[in-house]
>>> print(open('coords_17.tsv').read())   # TSV, C-alpha atoms
chain	number	residue	atom	x	y	z
K	1	MET	CA	96.11	106.98	46.46
K	2	THR	CA	94.31	106.77	43.15
K	3	LEU	CA	92.91	109.65	41.12
K	4	GLN	CA	89.38	108.65	42.11
K	5	GLN	CA	90.21	108.93	45.78
K	6	VAL	CA	91.78	112.36	45.30
K	7	LEU	CA	88.64	113.50	43.44
K	8	PHE	CA	86.46	112.05	46.19
K	9	ILE	CA	88.36	114.04	48.81
K	10	ILE	CA	88.06	117.24	46.75
K	11	PHE	CA	84.30	116.81	46.21
K	12	GLY	CA	83.86	115.77	49.83
K	13	ILE	CA	85.60	118.89	51.12
K	14	ILE	CA	83.51	121.07	48.77
K	15	THR	CA	80.28	119.40	49.90
K	16	LEU	CA	80.98	119.36	53.64
K	17	GLY	CA	82.51	122.85	53.71
K	18	ALA	CA	79.58	124.32	51.81
K	19	ALA	CA	77.10	122.44	54.03
K	20	LEU	CA	78.81	123.80	57.14
K	21	ALA	CA	78.54	127.32	55.72
K	22	VAL	CA	74.84	126.70	54.95
K	23	VAL	CA	74.03	125.97	58.60
K	24	THR	CA	76.38	128.55	60.17
K	25	ARG	CA	76.04	131.59	57.89
K	26	ARG	CA	73.90	134.31	59.50
K	27	ASN	CA	72.77	135.75	56.20
K	28	VAL	CA	70.18	133.39	54.71
K	29	PHE	CA	70.94	134.51	51.17
K	30	HIS	CA	74.64	133.57	51.55
K	31	ALA	CA	73.52	130.26	53.03
K	32	ALA	CA	71.40	129.62	49.91
K	33	LEU	CA	74.39	130.31	47.65
K	34	PHE	CA	76.51	127.84	49.66
K	35	LEU	CA	73.66	125.34	49.38
K	36	ILE	CA	74.04	125.49	45.58
K	37	LEU	CA	77.77	124.75	46.00
K	38	ALA	CA	76.95	121.77	48.23
K	39	PHE	CA	74.55	120.45	45.55
K	40	PHE	CA	77.36	120.72	42.98
K	41	GLY	CA	79.64	118.70	45.28
K	42	VAL	CA	77.02	115.97	45.63
K	43	ALA	CA	76.63	115.87	41.83
K	44	GLY	CA	80.39	115.28	41.60
K	45	LEU	CA	80.06	112.37	44.03
K	46	TYR	CA	77.36	110.83	41.80
K	47	VAL	CA	79.76	111.02	38.85
K	48	LEU	CA	82.36	109.18	40.96
K	49	LEU	CA	79.70	106.57	41.81
K	50	GLU	CA	79.13	106.05	38.05
K	51	ALA	CA	75.55	107.32	38.16
K	52	PRO	CA	75.68	110.00	35.42
K	53	PHE	CA	71.89	110.22	35.08
K	54	LEU	CA	71.55	111.05	38.77
K	55	ALA	CA	74.35	113.61	38.52
K	56	ALA	CA	72.49	115.35	35.68
K	57	ALA	CA	69.20	115.12	37.58
K	58	GLN	CA	70.93	116.60	40.63
K	59	LEU	CA	72.06	119.57	38.54
K	60	PHE	CA	68.64	120.06	36.91
K	61	ILE	CA	66.41	119.49	39.94
K	62	TYR	CA	68.48	120.84	42.82
K	63	VAL	CA	70.80	123.43	41.27
K	64	GLY	CA	68.31	124.52	38.64
K	65	GLY	CA	65.01	124.11	40.46
K	66	ILE	CA	65.00	123.89	44.22
K	67	SER	CA	67.77	126.48	44.74
K	68	ILE	CA	65.94	129.00	42.56
K	69	LEU	CA	62.75	128.33	44.52
K	70	ILE	CA	64.60	128.92	47.80
K	71	ILE	CA	66.18	132.15	46.55
K	72	PHE	CA	62.76	133.37	45.37
K	73	ALA	CA	61.33	132.65	48.82
K	74	ILE	CA	64.20	134.52	50.50
K	75	MET	CA	63.65	137.54	48.26
K	76	LEU	CA	59.88	137.54	48.81
K	77	THR	CA	60.46	137.52	52.58
K	78	ARG	CA	63.34	139.98	52.43
K	79	ASP	CA	63.15	141.26	55.99
K	80	MET	CA	64.97	138.14	57.15
K	81	MET	CA	68.19	139.44	55.63
K	82	ASN	CA	68.15	141.94	58.50
K	83	PRO	CA	71.26	141.18	60.60
K	84	ASN	CA	69.55	142.38	63.79
K	85	VAL	CA	67.26	139.36	63.73
K	86	ALA	CA	68.81	136.48	65.66
K	87	GLY	CA	69.61	133.57	63.37
K	88	TYR	CA	69.50	130.80	65.96
K	89	ASN	CA	67.07	129.77	68.65
K	90	ARG	CA	67.99	129.31	72.31
K	91	GLN	CA	68.62	125.56	71.99
K	92	TRP	CA	71.32	125.87	69.34
K	93	TRP	CA	74.03	124.42	71.64
K	94	LEU	CA	71.76	121.45	72.43
K	95	ALA	CA	71.16	120.97	68.68
K	96	ALA	CA	74.92	121.06	68.08
K	97	LEU	CA	75.43	118.48	70.82
K	98	VAL	CA	72.77	116.17	69.35
K	99	ALA	CA	74.20	116.52	65.84
K	100	VAL	CA	77.79	115.80	66.95
K	101	ALA	CA	76.67	112.85	69.09
K	102	LEU	CA	74.61	111.37	66.24
K	103	CYS	CA	77.49	111.88	63.82
K	104	GLY	CA	79.89	110.15	66.22
K	105	MET	CA	77.49	107.26	66.69
K	106	MET	CA	76.92	106.77	62.96
K	107	GLY	CA	80.65	107.04	62.32
K	108	TRP	CA	81.31	104.36	64.95
K	109	VAL	CA	78.72	102.05	63.37
K	110	VAL	CA	80.09	102.62	59.86
K	111	LEU	CA	83.66	101.88	60.91
K	112	ASN	CA	82.81	98.83	63.04
K	113	HIS	CA	80.50	97.06	60.62
K	114	ASN	CA	81.76	94.66	58.01
K	115	TRP	CA	80.16	96.03	54.84
K	116	PRO	CA	79.57	93.55	51.98
K	117	ALA	CA	81.37	95.70	49.44
K	118	THR	CA	82.37	93.63	46.45
K	119	PRO	CA	81.71	96.18	43.74
K	120	GLY	CA	81.05	94.77	40.31
K	121	ASP	CA	81.04	96.84	37.17
K	122	VAL	CA	78.17	99.09	36.23
K	123	PRO	CA	76.74	97.75	32.95
K	124	PRO	CA	77.14	100.27	30.12
K	125	GLU	CA	73.37	100.19	29.41
K	126	SER	CA	72.61	101.14	33.01
K	127	ILE	CA	70.65	104.28	32.07
K	128	ILE	CA	68.62	102.34	29.47
K	129	ASN	CA	67.78	99.73	32.11
K	130	LEU	CA	66.70	102.45	34.54
K	131	GLY	CA	64.45	104.08	31.94
K	132	LYS	CA	62.89	100.74	31.00
K	133	ALA	CA	62.36	99.76	34.64
K	134	LEU	CA	60.50	103.01	35.33
K	135	VAL	CA	57.83	102.25	32.70
K	136	ASP	CA	57.82	98.46	32.98
K	137	PRO	CA	54.44	97.12	34.26
K	138	ALA	CA	56.34	94.36	36.08
K	139	GLY	CA	58.83	96.89	37.42
K	140	LEU	CA	58.46	100.34	38.86
K	141	VAL	CA	55.61	101.85	36.86
K	142	LEU	CA	53.26	102.07	39.86
K	143	PRO	CA	55.66	103.98	42.15
K	144	PHE	CA	56.59	106.13	39.15
K	145	GLU	CA	52.95	107.11	38.56
K	146	VAL	CA	52.39	107.66	42.28
K	147	ALA	CA	55.40	110.00	42.35
K	148	SER	CA	53.97	111.90	39.36
K	149	VAL	CA	50.61	112.30	41.12
K	150	LEU	CA	52.40	113.39	44.31
K	151	LEU	CA	54.28	116.08	42.40
K	152	LEU	CA	51.10	117.29	40.68
K	153	VAL	CA	49.19	117.44	43.98
K	154	ALA	CA	52.09	119.22	45.70
K	155	LEU	CA	52.40	121.84	42.96
K	156	ILE	CA	48.65	122.54	42.81
K	157	GLY	CA	48.65	122.73	46.61
K	158	ALA	CA	51.62	125.11	46.61
K	159	VAL	CA	49.87	127.43	44.12
K	160	THR	CA	46.67	127.34	46.19
K	161	ILE	CA	48.47	128.04	49.48
K	162	ALA	CA	50.67	130.86	48.17
K	163	ARG	CA	47.98	132.55	46.05
K	164	GLU	CA	46.99	136.11	46.90
K	165	ARG	CA	43.40	136.23	48.16
I	1	MET	CA	88.46	102.11	44.15
I	2	ILE	CA	87.03	104.30	46.88
I	3	PRO	CA	86.05	102.35	50.00
I	4	LEU	CA	82.30	102.28	50.71
I	5	GLU	CA	82.98	103.56	54.24
I	6	TRP	CA	84.18	106.92	52.86
I	7	TYR	CA	80.81	107.56	51.26
I	8	LEU	CA	78.94	106.45	54.38
I	9	LEU	CA	81.04	108.70	56.65
I	10	LEU	CA	80.59	111.67	54.34
I	11	ALA	CA	76.82	111.10	54.16
I	12	ALA	CA	76.66	110.79	57.97
I	13	ALA	CA	78.50	114.09	58.41
I	14	LEU	CA	76.29	115.81	55.81
I	15	PHE	CA	73.13	114.46	57.47
I	16	CYS	CA	74.23	115.72	60.90
I	17	MET	CA	74.99	119.19	59.51
I	18	GLY	CA	71.50	119.31	58.01
I	19	LEU	CA	70.06	118.12	61.33
I	20	TYR	CA	71.90	120.89	63.16
I	21	GLY	CA	70.50	123.45	60.72
I	22	VAL	CA	66.95	122.15	61.16
I	23	LEU	CA	67.17	122.16	64.97
I	24	SER	CA	68.98	125.44	65.50
I	25	ARG	CA	67.71	127.87	62.84
I	26	ARG	CA	64.78	130.22	63.41
I	27	ASN	CA	64.14	131.20	59.80
I	28	GLY	CA	61.76	128.81	58.04
I	29	VAL	CA	63.66	129.00	54.73
I	30	ALA	CA	66.92	128.09	56.52
I	31	ILE	CA	65.19	125.09	58.14
I	32	LEU	CA	64.07	123.91	54.69
I	33	MET	CA	67.68	124.21	53.48
I	34	GLY	CA	68.71	121.91	56.34
I	35	VAL	CA	66.08	119.39	55.25
I	36	GLU	CA	67.45	119.49	51.69
I	37	LEU	CA	70.94	118.74	53.00
I	38	MET	CA	69.59	115.74	54.92
I	39	LEU	CA	67.78	114.42	51.82
I	40	ASN	CA	70.99	114.77	49.82
I	41	ALA	CA	72.89	112.78	52.46
I	42	VAL	CA	70.31	109.99	52.27
I	43	ASN	CA	70.58	109.98	48.48
I	44	ILE	CA	74.38	109.62	48.63
I	45	ASN	CA	73.87	106.56	50.84
I	46	LEU	CA	71.28	105.04	48.49
I	47	VAL	CA	73.46	105.50	45.41
I	48	ALA	CA	76.59	104.27	47.22
I	49	PHE	CA	74.84	101.07	48.35
I	50	TRP	CA	73.49	100.55	44.83
I	51	ARG	CA	77.02	100.93	43.39
I	52	TYR	CA	78.70	98.64	45.91
I	53	THR	CA	76.12	95.83	46.16
I	54	GLU	CA	73.87	95.57	43.06
I	55	PRO	CA	75.22	97.78	40.26
I	56	ALA	CA	73.35	95.72	37.66
I	57	ALA	CA	69.91	96.44	39.15
I	58	ALA	CA	67.94	99.60	38.36
I	59	THR	CA	66.20	99.86	41.73
I	60	GLY	CA	68.98	101.69	43.57
I	61	GLN	CA	68.97	104.65	41.22
I	62	ALA	CA	65.16	104.57	41.01
I	63	PHE	CA	64.98	104.95	44.80
I	64	ALA	CA	67.15	108.07	44.59
I	65	LEU	CA	64.88	109.44	41.84
I	66	PHE	CA	61.81	109.00	44.05
I	67	VAL	CA	63.64	110.87	46.81
I	68	TYR	CA	64.13	113.69	44.27
I	69	ALA	CA	60.39	113.77	43.56
I	70	VAL	CA	59.54	113.91	47.26
I	71	ALA	CA	62.18	116.59	47.88
I	72	ALA	CA	60.78	118.76	45.09
I	73	ALA	CA	57.23	118.38	46.43
I	74	GLU	CA	58.41	119.17	49.96
I	75	ALA	CA	60.30	122.29	48.86
I	76	ALA	CA	57.36	123.59	46.81
I	77	VAL	CA	54.78	123.14	49.58
I	78	GLY	CA	57.13	124.30	52.36
I	79	LEU	CA	58.09	127.51	50.57
I	80	ALA	CA	54.45	128.20	49.66
I	81	LEU	CA	53.55	127.88	53.35
I	82	ILE	CA	56.36	130.27	54.30
I	83	ILE	CA	55.20	132.83	51.72
I	84	ALA	CA	51.60	132.52	52.94
I	85	LEU	CA	52.76	133.02	56.54
I	86	TRP	CA	54.81	136.04	55.51
I	87	ARG	CA	51.70	137.54	53.95
I	88	THR	CA	49.39	136.99	56.91
I	89	ARG	CA	51.75	137.24	59.92
I	90	ASN	CA	54.69	139.22	58.48
I	91	THR	CA	57.26	136.81	59.88
I	92	VAL	CA	59.11	133.69	58.80
I	93	VAL	CA	60.49	132.98	62.28
I	94	LEU	CA	58.80	129.71	63.11
I	95	GLU	CA	58.91	130.36	66.88
I	96	GLU	CA	56.64	133.37	66.45
I	97	ILE	CA	54.01	131.37	64.59
I	98	ASP	CA	51.90	130.09	67.47
I	99	LEU	CA	48.33	130.42	66.17
I	100	LEU	CA	47.35	127.06	67.64
I	101	LYS	CA	48.71	127.85	71.10
I	102	GLY	CA	45.85	128.44	73.56
>>> encode(input="coords_17.tsv", output="structure tokens")
Amino acid sequence: MTLQQVLFIIFGIITLGAALAVVTRRNVFHAALFLILAFFGVAGLYVLLEAPFLAAAQLFIYVGGISILIIFAIMLTRDMMNPNVAGYNRQWWLAALVAVALCGMMGWVVLNHNWPATPGDVPPESIINLGKALVDPAGLVLPFEVASVLLLVALIGAVTIARER
Amino acid sequence: MIPLEWYLLLAAALFCMGLYGVLSRRNGVAILMGVELMLNAVNINLVAFWRYTEPAAATGQAFALFVYAVAAAEAAVGLALIIALWRTRNTVVLEEIDLLKG
């Protein structure tokens, strides 16, 4: 077993363990803290996949942005930390059944398919290529601009919806 | 080298945990956390396929970046809705929000 595989197993256990705690913890605030840990694990996986830019973006956007947003929302709606409020709905066992069945099915497909995995090397200027492709008129500039407009619309909408009237 | 199947299995497990959270939780914020887990699982798949099939192309990573943008937009709007509901209905339990029920 190589060092990479050992690191993969460590990051995988961190990610999956934290994700399990996110969906099973009663206290929503604890769940949010475990969510941050899961995001860290995923960032580690990106490093193993040789996508350093995505790993940094994961840390900035998820750990630095979305988690803080979620914790703010939990604190603004603080009554939900009350342990007397039931955390799960009545169909939780059905949801667990569906999730386990789907996981088993996807696992079966993954293991029984012959994946075309002949990994080459990531070129050293991979980040430069990505940055150029995002602003290249013949490349991805249109989806890039559409994503910017989507973000702007979503943020203005969020301010409008959450504003005190 | 790590086999591609390891990444796919891990992403499948992460996706199913997020799905369980979305289907079983009552708190709106906890449901959004489940959605974030699912989006992360999808992103792991996208980056893993980029790495193992076309590492020289930029599109694989760009796809994951667009998922980031959509995830950020979704979190912002979803949490704003939850805060607005908290203000008007004093609850974030999505089962109790039945304004459109006749």
>>> residues_near_point(input="coords_17.tsv", point="(52.4, 139.2, 56.1)", cutoff="12 Å", atoms="only C-alpha atoms", output="list of chain:residue names")
K:Leu76, K:Thr77, K:Arg78, K:Asp79, K:Ala162, K:Glu164, I:Leu81, I:Ile82, I:Ile83, I:Ala84, I:Leu85, I:Trp86, I:Arg87, I:Thr88, I:Arg89, I:Asn90, I:Thr91, I:Val92, I:Val93, I:Ile97
>>> residues_around(input="coords_17.tsv", residues="stretch 86-97 of chain K", least_positions_apart="3", cutoff="7 Å", atoms="all atoms listed in the file", output="list in words")
Arg26, Val100 and Ala101 of chain K; Tyr20, Leu23, Ser24, Arg25, Arg26 and Asn27 of chain I
>>> residues_around(input="coords_17.tsv", residues="stretch 107-112 of chain K", least_positions_apart="2", cutoff="8 Å", atoms="all atoms listed in the file", output="number ranges by chain")
K: 103-105, 114; I: 5, 8-9, 12
>>> residues_near_point(input="coords_17.tsv", point="(73.3, 122.4, 57.7)", cutoff="7 Å", atoms="only C-alpha atoms", output="ChimeraX atom specification")
/K:19-20,22-23 /I:17-21,34,37
>>> write_last_selection(input="coords_17.tsv", atoms="C-alpha atoms", output="mmCIF file, keeping the file's coordinate frame")
data_model
loop_
_atom_site.group_PDB
_atom_site.id
_atom_site.type_symbol
_atom_site.label_atom_id
_atom_site.label_comp_id
_atom_site.auth_asym_id
_atom_site.auth_seq_id
_atom_site.Cartn_x
_atom_site.Cartn_y
_atom_site.Cartn_z
ATOM 1 C CA ALA K 19 77.100 122.440 54.030
ATOM 2 C CA LEU K 20 78.810 123.800 57.140
ATOM 3 C CA VAL K 22 74.840 126.700 54.950
ATOM 4 C CA VAL K 23 74.030 125.970 58.600
ATOM 5 C CA MET I 17 74.990 119.190 59.510
ATOM 6 C CA GLY I 18 71.500 119.310 58.010
ATOM 7 C CA LEU I 19 70.060 118.120 61.330
ATOM 8 C CA TYR I 20 71.900 120.890 63.160
ATOM 9 C CA GLY I 21 70.500 123.450 60.720
ATOM 10 C CA GLY I 34 68.710 121.910 56.340
ATOM 11 C CA LEU I 37 70.940 118.740 53.000
#
>>> closest_residue(input="coords_17.tsv", among="I:Leu39, I:Ala11, I:Met33, I:Cys16", to="I:Val70", atoms="all atoms listed in the file")
I:Leu39
>>> closest_residue(input="coords_17.tsv", among="I:Ala73, I:Leu10, I:Val47, I:Leu4", to="I:Thr59", atoms="only C-alpha atoms")
I:Val47
>>> residues_around(input="coords_17.tsv", residues="I:Asn45", least_positions_apart="4", cutoff="12 Å", atoms="only C-alpha atoms", output="VMD selection string")
(chain K and resid 42 45 to 46 49 110) or (chain I and resid 4 to 15 38 to 41 49 to 53 60 to 61 63 to 64 67)
>>> atom_distance(input="coords_17.tsv", atom1="atom CA of K:Ile66", atom2="atom CA of I:Ala72")
6.7 Å
>>> closest_residue(input="coords_17.tsv", among="I:Val35, I:Asp98, I:Val29, I:Leu46", to="chain K", atoms="all atoms listed in the file")
I:Val29
>>> atom_distance(input="coords_17.tsv", atom1="atom CA of K:Gly44", atom2="atom CA of K:Ile127")
17.5 Å
>>> closest_residue(input="coords_17.tsv", among="I:Gly78, I:Ala58, I:Glu95, I:Val42", to="chain K", atoms="all atoms listed in the file")
I:Ala58
>>> atom_distance(input="coords_17.tsv", atom1="atom CA of K:Ala31", atom2="atom CA of K:Ile70")
10.4 Å
>>> residues_around(input="coords_17.tsv", residues="K:Tyr62", least_positions_apart="3", cutoff="10 Å", atoms="all atoms listed in the file", output="list in words")
Leu35, Ile36, Phe39, Phe40, Ala43, Ala56, Ala57, Gln58, Leu59, Gly65, Ile66, Ser67, Ile68 and Leu69 of chain K; Glu36, Asn40, Tyr68, Ala71 and Ala72 of chain I
>>> closest_residue(input="coords_17.tsv", among="K:Leu33, K:Leu152, K:Ile13, K:Ala158", to="chain I", atoms="all atoms listed in the file")
K:Ala158
>>> residues_around(input="coords_17.tsv", residues="K:Ala38", least_positions_apart="3", cutoff="8 Å", atoms="all atoms listed in the file", output="PDB file with C-alpha atoms, keeping the file's coordinate frame")
ATOM      1  CA  ILE K  14      83.510 121.070  48.770  1.00  0.00           C
ATOM      2  CA  THR K  15      80.280 119.400  49.900  1.00  0.00           C
ATOM      3  CA  LEU K  16      80.980 119.360  53.640  1.00  0.00           C
ATOM      4  CA  GLY K  17      82.510 122.850  53.710  1.00  0.00           C
ATOM      5  CA  ALA K  18      79.580 124.320  51.810  1.00  0.00           C
ATOM      6  CA  ALA K  19      77.100 122.440  54.030  1.00  0.00           C
ATOM      7  CA  PHE K  34      76.510 127.840  49.660  1.00  0.00           C
ATOM      8  CA  LEU K  35      73.660 125.340  49.380  1.00  0.00           C
ATOM      9  CA  GLY K  41      79.640 118.700  45.280  1.00  0.00           C
ATOM     10  CA  VAL K  42      77.020 115.970  45.630  1.00  0.00           C
TER      11      VAL K  42
END
>>> closest_residue(input="coords_17.tsv", among="K:Leu7, K:Val122, K:Met75, K:Val149", to="chain I", atoms="all atoms listed in the file")
K:Val122
>>> build_atoms(input="coords_17.tsv", residues="stretch 40-65 of chain I", atoms="N, CA and C atoms", output="PDB file, in the coordinates of the input")
ATOM      1  N   ASN I  40      69.835 115.044  50.674  1.00  0.00           N
ATOM      2  CA  ASN I  40      70.990 114.770  49.820  1.00  0.00           C
ATOM      3  C   ASN I  40      71.891 113.704  50.445  1.00  0.00           C
ATOM      4  N   ALA I  41      72.063 113.769  51.776  1.00  0.00           N
ATOM      5  CA  ALA I  41      72.890 112.780  52.460  1.00  0.00           C
ATOM      6  C   ALA I  41      72.305 111.384  52.288  1.00  0.00           C
ATOM      7  N   VAL I  42      70.968 111.290  52.436  1.00  0.00           N
ATOM      8  CA  VAL I  42      70.310 109.990  52.270  1.00  0.00           C
ATOM      9  C   VAL I  42      70.520 109.474  50.851  1.00  0.00           C
ATOM     10  N   ASN I  43      70.419 110.389  49.863  1.00  0.00           N
ATOM     11  CA  ASN I  43      70.580 109.980  48.480  1.00  0.00           C
ATOM     12  C   ASN I  43      71.992 109.464  48.208  1.00  0.00           C
ATOM     13  N   ILE I  44      73.001 110.108  48.808  1.00  0.00           N
ATOM     14  CA  ILE I  44      74.380 109.620  48.630  1.00  0.00           C
ATOM     15  C   ILE I  44      74.464 108.187  49.128  1.00  0.00           C
ATOM     16  N   ASN I  45      73.855 107.915  50.306  1.00  0.00           N
ATOM     17  CA  ASN I  45      73.870 106.560  50.840  1.00  0.00           C
ATOM     18  C   ASN I  45      73.205 105.577  49.887  1.00  0.00           C
ATOM     19  N   LEU I  46      72.014 105.954  49.372  1.00  0.00           N
ATOM     20  CA  LEU I  46      71.280 105.040  48.490  1.00  0.00           C
ATOM     21  C   LEU I  46      72.108 104.709  47.257  1.00  0.00           C
ATOM     22  N   VAL I  47      72.694 105.742  46.637  1.00  0.00           N
ATOM     23  CA  VAL I  47      73.460 105.500  45.410  1.00  0.00           C
ATOM     24  C   VAL I  47      74.732 104.716  45.727  1.00  0.00           C
ATOM     25  N   ALA I  48      75.364 105.003  46.876  1.00  0.00           N
ATOM     26  CA  ALA I  48      76.590 104.270  47.220  1.00  0.00           C
ATOM     27  C   ALA I  48      76.288 102.791  47.444  1.00  0.00           C
ATOM     28  N   PHE I  49      75.181 102.489  48.136  1.00  0.00           N
ATOM     29  CA  PHE I  49      74.840 101.070  48.350  1.00  0.00           C
ATOM     30  C   PHE I  49      74.480 100.387  47.045  1.00  0.00           C
ATOM     31  N   TRP I  50      73.790 101.127  46.143  1.00  0.00           N
ATOM     32  CA  TRP I  50      73.490 100.550  44.830  1.00  0.00           C
ATOM     33  C   TRP I  50      74.798 100.199  44.117  1.00  0.00           C
ATOM     34  N   ARG I  51      75.765 101.125  44.127  1.00  0.00           N
ATOM     35  CA  ARG I  51      77.020 100.930  43.390  1.00  0.00           C
ATOM     36  C   ARG I  51      77.822  99.767  43.950  1.00  0.00           C
ATOM     37  N   TYR I  52      77.808  99.612  45.293  1.00  0.00           N
ATOM     38  CA  TYR I  52      78.700  98.640  45.910  1.00  0.00           C
ATOM     39  C   TYR I  52      78.050  97.281  46.149  1.00  0.00           C
ATOM     40  N   THR I  53      76.721  97.142  45.955  1.00  0.00           N
ATOM     41  CA  THR I  53      76.120  95.830  46.160  1.00  0.00           C
ATOM     42  C   THR I  53      75.464  95.294  44.881  1.00  0.00           C
ATOM     43  N   GLU I  54      74.604  96.097  44.218  1.00  0.00           N
ATOM     44  CA  GLU I  54      73.870  95.570  43.060  1.00  0.00           C
ATOM     45  C   GLU I  54      73.954  96.536  41.886  1.00  0.00           C
ATOM     46  N   PRO I  55      75.135  96.777  41.336  1.00  0.00           N
ATOM     47  CA  PRO I  55      75.220  97.780  40.260  1.00  0.00           C
ATOM     48  C   PRO I  55      74.450  97.396  39.006  1.00  0.00           C
ATOM     49  N   ALA I  56      74.072  96.112  38.878  1.00  0.00           N
ATOM     50  CA  ALA I  56      73.350  95.720  37.660  1.00  0.00           C
ATOM     51  C   ALA I  56      71.861  96.008  37.765  1.00  0.00           C
ATOM     52  N   ALA I  57      71.339  96.207  38.986  1.00  0.00           N
ATOM     53  CA  ALA I  57      69.910  96.440  39.150  1.00  0.00           C
ATOM     54  C   ALA I  57      69.595  97.919  39.000  1.00  0.00           C
ATOM     55  N   ALA I  58      68.331  98.197  38.564  1.00  0.00           N
ATOM     56  CA  ALA I  58      67.940  99.600  38.360  1.00  0.00           C
ATOM     57  C   ALA I  58      67.328 100.193  39.620  1.00  0.00           C
ATOM     58  N   THR I  59      67.001  99.365  40.607  1.00  0.00           N
ATOM     59  CA  THR I  59      66.200  99.860  41.730  1.00  0.00           C
ATOM     60  C   THR I  59      66.931 100.887  42.574  1.00  0.00           C
ATOM     61  N   GLY I  60      68.262 100.746  42.727  1.00  0.00           N
ATOM     62  CA  GLY I  60      68.980 101.690  43.570  1.00  0.00           C
ATOM     63  C   GLY I  60      68.864 103.109  43.077  1.00  0.00           C
ATOM     64  N   GLN I  61      69.082 103.302  41.771  1.00  0.00           N
ATOM     65  CA  GLN I  61      68.970 104.650  41.220  1.00  0.00           C
ATOM     66  C   GLN I  61      67.525 105.111  41.231  1.00  0.00           C
ATOM     67  N   ALA I  62      66.575 104.170  41.015  1.00  0.00           N
ATOM     68  CA  ALA I  62      65.160 104.570  41.010  1.00  0.00           C
ATOM     69  C   ALA I  62      64.765 105.102  42.378  1.00  0.00           C
ATOM     70  N   PHE I  63      65.260 104.465  43.448  1.00  0.00           N
ATOM     71  CA  PHE I  63      64.980 104.950  44.800  1.00  0.00           C
ATOM     72  C   PHE I  63      65.417 106.402  44.931  1.00  0.00           C
ATOM     73  N   ALA I  64      66.638 106.700  44.482  1.00  0.00           N
ATOM     74  CA  ALA I  64      67.150 108.070  44.590  1.00  0.00           C
ATOM     75  C   ALA I  64      66.269 109.031  43.793  1.00  0.00           C
ATOM     76  N   LEU I  65      65.747 108.568  42.636  1.00  0.00           N
ATOM     77  CA  LEU I  65      64.880 109.440  41.840  1.00  0.00           C
ATOM     78  C   LEU I  65      63.587 109.745  42.584  1.00  0.00           C
TER      79      LEU I  65
END
